[in-house]
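A.B. asks: Questions regarding the structure given below will be posed in turn.
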Amino acid sequence: MQSEHPISLYLENHVPAVIGSDDPGILRGDISEEYVKLVRRYPFVSYSMVKDMIRNSIKYSFIKSPRMKQDILKGLERRFTTFEAMIKKQQRTPFLV
């Protein structure tokens, strides 16, 4: 139940948050599904907040090499830019019926 989860409290107090999948080997869920659940259950969560959570998953990961984290974050930013450009282009292109 959403009222039992402290995500709102964490975000209001600027606690770095990440989203993880619940035991994918047992429940057969994946990380994409967890993000879908997040934005459906908590409509106040913006795209910008989701991006921050994805960045946090790298920043606060167990990757020991700062250089590797930096490289992964740079790649992530390129993917965000590509994705956002694609979405923006689709919004300007009228759909054919």
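The way I read the labels, and the way they are meant: chains A, B, ... in the order of the structure tokens, residue 1 as the first residue of every chain, and ligand 1 as the first ligand shown, with later ones counted on from there.
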Would you pick out the contacts of region 13-18 of chain A at 6 Å or less, using only C-alpha atoms, so that residues sharing its chain but fewer than 3 positions from it are not included, and give the list as a list in words?
C.D. replies: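 Once the adjacent positions are removed, what remains is Tyr10, Met53, Asn56 and Ser57 of chain A.
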A.B. asks: Using DSSP on the backbone coordinates, identify the residues of chain A assigned to alpha helix (DSSP H); present them as an MDAnalysis selection string.
C.D. replies: chainID A and resid 7:12 24:27 31:41 47:59 66:92
A.B. asks: Mind dumping the selected residues with C-alpha atoms as a tab-separated table (two decimals), in the first residue's frame?
C.D. replies:
```tsv
chain	number	residue	atom	x	y	z
A	7	ILE	CA	9.25	7.28	-0.80
A	8	SER	CA	7.34	10.57	-0.42
A	9	LEU	CA	9.17	11.33	2.81
A	10	TYR	CA	12.53	10.49	1.27
A	11	LEU	CA	11.97	12.70	-1.75
A	12	GLU	CA	10.58	15.60	0.28
A	24	PRO	CA	13.45	-10.82	-10.12
A	25	GLY	CA	14.46	-14.49	-9.92
A	26	ILE	CA	11.38	-15.33	-7.86
A	27	LEU	CA	8.78	-12.75	-8.87
A	31	ILE	CA	13.38	-2.78	-13.26
A	32	SER	CA	11.20	-1.26	-16.01
A	33	GLU	CA	8.14	-2.70	-14.31
A	34	GLU	CA	9.22	-1.13	-11.01
A	35	TYR	CA	9.47	2.33	-12.61
A	36	VAL	CA	6.00	1.90	-14.12
A	37	LYS	CA	4.64	0.98	-10.68
A	38	LEU	CA	6.37	4.03	-9.17
A	39	VAL	CA	4.83	6.59	-11.51
A	40	ARG	CA	1.40	4.97	-11.38
A	41	ARG	CA	1.29	4.86	-7.58
A	47	TYR	CA	10.29	12.54	-15.30
A	48	SER	CA	13.09	14.63	-13.80
A	49	MET	CA	12.77	12.74	-10.50
A	50	VAL	CA	12.91	9.40	-12.32
A	51	LYS	CA	16.08	10.52	-14.12
A	52	ASP	CA	17.60	11.47	-10.76
A	53	MET	CA	16.76	8.03	-9.36
A	54	ILE	CA	18.38	6.37	-12.35
A	55	ARG	CA	21.49	8.53	-11.90
A	56	ASN	CA	21.50	7.67	-8.19
A	57	SER	CA	21.47	3.97	-9.00
A	58	ILE	CA	24.87	4.50	-10.60
A	59	LYS	CA	26.24	7.09	-8.15
A	66	PRO	CA	35.11	6.44	-9.89
A	67	ARG	CA	36.23	6.52	-13.54
A	68	MET	CA	33.87	3.69	-14.46
A	69	LYS	CA	30.96	5.40	-12.69
A	70	GLN	CA	31.76	8.63	-14.55
A	71	ASP	CA	31.87	6.80	-17.90
A	72	ILE	CA	28.57	5.08	-17.20
A	73	LEU	CA	26.95	8.38	-16.17
A	74	LYS	CA	28.20	10.05	-19.37
A	75	GLY	CA	26.71	7.24	-21.44
A	76	LEU	CA	23.46	7.55	-19.53
A	77	GLU	CA	23.28	11.29	-20.23
A	78	ARG	CA	23.78	10.61	-23.96
A	79	ARG	CA	20.93	8.10	-23.86
A	80	PHE	CA	18.67	10.59	-22.08
A	81	THR	CA	19.48	13.22	-24.72
A	82	THR	CA	18.77	10.79	-27.57
A	83	PHE	CA	15.51	9.60	-26.00
A	84	GLU	CA	14.29	13.14	-25.29
A	85	ALA	CA	15.11	14.28	-28.84
A	86	MET	CA	13.15	11.31	-30.22
A	87	ILE	CA	10.14	12.12	-28.04
A	88	LYS	CA	10.28	15.80	-28.98
A	89	LYS	CA	10.41	14.90	-32.68
A	90	GLN	CA	7.40	12.57	-32.31
A	91	GLN	CA	5.41	15.31	-30.63
A	92	ARG	CA	5.93	17.60	-33.64
```
